[in-house]
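Student: I am attaching a structure below and will ask some questions about it afterwards.
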Amino acid sequence: MTRIGMMTFLHNDNYGSILQAWALQRTLEDMGFDATHIDYAPSKQEKICNLLLSGNSPKLILEGMRKKSATGKMHGGFDEFRKENIRTTAPCRDHATLAKAAADFDVLLCGSDQIWSPVWLNPAYFLDFTDKPKVSYAPSLGVKDMPKRAKQRKIARLVKLFSAVSMREAEGAELIRRMTGIEPAVMPDPVMLVPKDKWQSVMDMNIPQEKYILCYFIGDNPSYWETVAAVAKREGCAVRVIPRTEGARNAGYPLEEDVPPQRWLGLIGGAVHVVTDSFHGATFSAILNKKCTIVRRYREDDPESKNSRIDQLLRNLGVSNLIHADWDVVNANLAAKAESAKVWLKDAITQAAP
């Protein structure tokens, strides 16, 4: 049995990140592979070293501290979900321990989520710590334009070492093509590989019994709440908020506190309508066939805009929005994308394996 070591975000306490990690591992196991996540939790020294070597802005550390201060008290259950549902190696705090962990695997696989972001570039997520065969499954650059030529050269050098390359967004695939000459496949996010009924079996349905709109925002934009008010008026039901920002906490609506991943899924599944700026919030709304108003977190002219994620999602689903979507079309496209992605993934791993 081929042993696969996976690299993705496991410790940023983000619902989409942890659930896509679970989904990819579950999919690989169902395909007959022995799949384990490499438990990368970089030390402070590793983070500082990467900051200096990768040319990232020091502001990222301050921004991360600010976000942790604002959101750390707002939800929980991530450690428990990891321990109960995700198989990992021993913790790896630096490149030396990553290299040691990689020795136990036949193929290394990175993905998905924004692990290839040039904004917070970290070569570890390009598997630079090993010479083992490498496959990328749907990592996201998260941007439509590359910010610096130095980072372009670094990313190009790292990507050229992969046996097979796929990206989550067509825009990201085009950027990689320009940098490397490689033609990446475009693959759906791992959560789209798991069918609706399996996600329903994961849900915690300890949720409000009243009809409600669910709000889940990563950004902190006052205009979001104008949209919420309009949707609430149109739907004629209550509003519930999972707070990730101080703005959400102070919006005046009932809060869902300390929500673990299983209950986050349940709250989406039980909602009449979801309002979100989150890629995975929108994606799970589609999987669970829930009306969803997607508010865009970034201006279209913002060089760090991540709106391409939403554009790719809607292209995958074959709809222009999730408010008036034909769910038969959505479900058929989800099934077709999942099937073709599994074929690509199995072939890529089999051909890469020694």
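Letters for chains follow the order of the structure tokens (A, B, ...), residue numbers begin at 1 for each chain, and ligand numbers begin at 1 in the order shown.
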Would you mind listing what lies within 9 Å of Phe9 in chain A as an mmCIF file with N, CA, C and O atoms, in the first residue's frame, with only C-alpha atoms counted and same-chain residues fewer than 6 positions away left out?
Tutor:
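This is the output file out-v6.cif:
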```
data_model
loop_
_atom_site.group_PDB
_atom_site.id
_atom_site.type_symbol
_atom_site.label_atom_id
_atom_site.label_comp_id
_atom_site.auth_asym_id
_atom_site.auth_seq_id
_atom_site.Cartn_x
_atom_site.Cartn_y
_atom_site.Cartn_z
ATOM 1 N N SER A 17 -10.165 25.052 6.596
ATOM 2 C CA SER A 17 -8.860 24.399 6.572
ATOM 3 C C SER A 17 -8.915 23.009 7.187
ATOM 4 O O SER A 17 -8.417 22.028 6.606
ATOM 5 N N ILE A 18 -9.498 22.898 8.369
ATOM 6 C CA ILE A 18 -9.487 21.613 9.058
ATOM 7 C C ILE A 18 -10.391 20.605 8.362
ATOM 8 O O ILE A 18 -10.094 19.403 8.291
ATOM 9 N N ALA A 21 -8.737 19.303 5.185
ATOM 10 C CA ALA A 21 -7.699 18.344 5.548
ATOM 11 C C ALA A 21 -8.310 16.973 5.823
ATOM 12 O O ALA A 21 -7.792 15.934 5.372
ATOM 13 N N ASP A 39 2.319 16.711 10.713
ATOM 14 C CA ASP A 39 1.810 17.683 11.691
ATOM 15 C C ASP A 39 2.795 18.841 11.851
ATOM 16 O O ASP A 39 3.577 18.902 12.803
ATOM 17 N N TYR A 40 2.735 19.775 10.907
ATOM 18 C CA TYR A 40 3.664 20.908 10.881
ATOM 19 C C TYR A 40 3.095 22.059 11.701
ATOM 20 O O TYR A 40 2.086 22.655 11.347
ATOM 21 N N ALA A 41 3.752 22.336 12.813
ATOM 22 C CA ALA A 41 3.399 23.474 13.665
ATOM 23 C C ALA A 41 4.698 24.222 13.928
ATOM 24 O O ALA A 41 5.392 23.968 14.917
ATOM 25 N N GLY A 111 -1.562 20.121 -0.239
ATOM 26 C CA GLY A 111 -2.855 20.674 -0.628
ATOM 27 C C GLY A 111 -3.899 20.285 0.387
ATOM 28 O O GLY A 111 -3.682 19.371 1.177
ATOM 29 N N SER A 112 -4.984 21.026 0.416
ATOM 30 C CA SER A 112 -5.302 22.143 -0.471
ATOM 31 C C SER A 112 -5.176 23.440 0.320
ATOM 32 O O SER A 112 -4.231 23.594 1.090
ATOM 33 N N ASP A 113 -6.123 24.377 0.166
ATOM 34 C CA ASP A 113 -6.141 25.653 0.864
ATOM 35 C C ASP A 113 -5.052 26.573 0.299
ATOM 36 O O ASP A 113 -4.389 26.247 -0.675
ATOM 37 N N GLN A 114 -4.860 27.731 0.922
ATOM 38 C CA GLN A 114 -3.940 28.735 0.388
ATOM 39 C C GLN A 114 -2.494 28.506 0.832
ATOM 40 O O GLN A 114 -1.776 29.440 1.194
ATOM 41 N N ILE A 115 -2.075 27.257 0.781
ATOM 42 C CA ILE A 115 -0.737 26.932 1.265
ATOM 43 C C ILE A 115 0.359 27.458 0.341
ATOM 44 O O ILE A 115 1.517 27.541 0.753
ATOM 45 N N TYR A 125 5.554 24.219 2.494
ATOM 46 C CA TYR A 125 4.316 23.756 1.867
ATOM 47 C C TYR A 125 4.505 23.427 0.389
ATOM 48 O O TYR A 125 3.580 22.933 -0.265
#
```
Student: Tell me which of A:Ile213, A:Ile48, A:Ile182, A:Leu334 sits closest to Ala232 in chain A, counting only C-alpha atoms.
Tutor: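 Distance minimum relative to Ala232 in chain A lands on A:Ile213.
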Student: Find the residues near Ser43 in chain A: any atom within 9 Å, counting only C-alpha atoms, skip ones fewer than 4 places away on the same chain, and give them as a PyMOL selection string.
Tutor: chain A and resi 47-48+92-94
Student: Using DSSP on the backbone coordinates, identify the residues of range 166-320 of chain A assigned to helix (DSSP H, G or I); present them as a PyMOL selection string.
Tutor: chain A and resi 170-180+190-193+196-202+223-235+246-249+261-270+279-287+308-317
Student: Compile the contact shell of range 314-323 of chain A as a list in words: residues with an atom at most 6 Å away, counting only C-alpha atoms, same-chain residues fewer than 3 positions apart removed.
Tutor: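 Close residues of range 314-323 of chain A: Lys291, Cys292, Asp311, Val330 and Asn333 of chain A.
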Student: Could you list, as a PyMOL selection string, every residue within 12 Å of Phe81 in chain A, counting only C-alpha atoms and ignoring same-chain residues fewer than 2 positions away?
Tutor: chain A and resi 10-11+13-15+18-19+21-22+76-79+83-87+202+259-263
Student: Determine which residues of range 19-197 of chain A DSSP labels as strand (DSSP E or B) from the backbone of this structure, then write them out as a list in words.
Tutor: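 The strand (DSSP E or B) subset of range 19-197 of chain A is Asp34, Ala35, Thr36, His37, Tyr40, Thr88, Cys92, Val107, Leu108, Leu109, Cys110, Lys134, Val135, Ser136, Ala164, Val165, Ser166, Met167, Ala185 and Val186 of chain A.
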Student: Counting only C-alpha atoms, which of A:Tyr224, A:Tyr253, A:Trp344, A:Tyr216 gets nearest to Phe279 in chain A?
Tutor: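 When distances to Phe279 in chain A are compared using only C-alpha atoms, the smallest one comes from A:Tyr216.
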Student: From the set A:Cys49, A:Ala156, A:Leu161, A:Asn122, which residue has the shortest atom-to-atom contact distance to Gly181 in chain A, counting only C-alpha atoms?
Tutor: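 With only C-alpha atoms as the atom set, the closest residue is A:Ala156.
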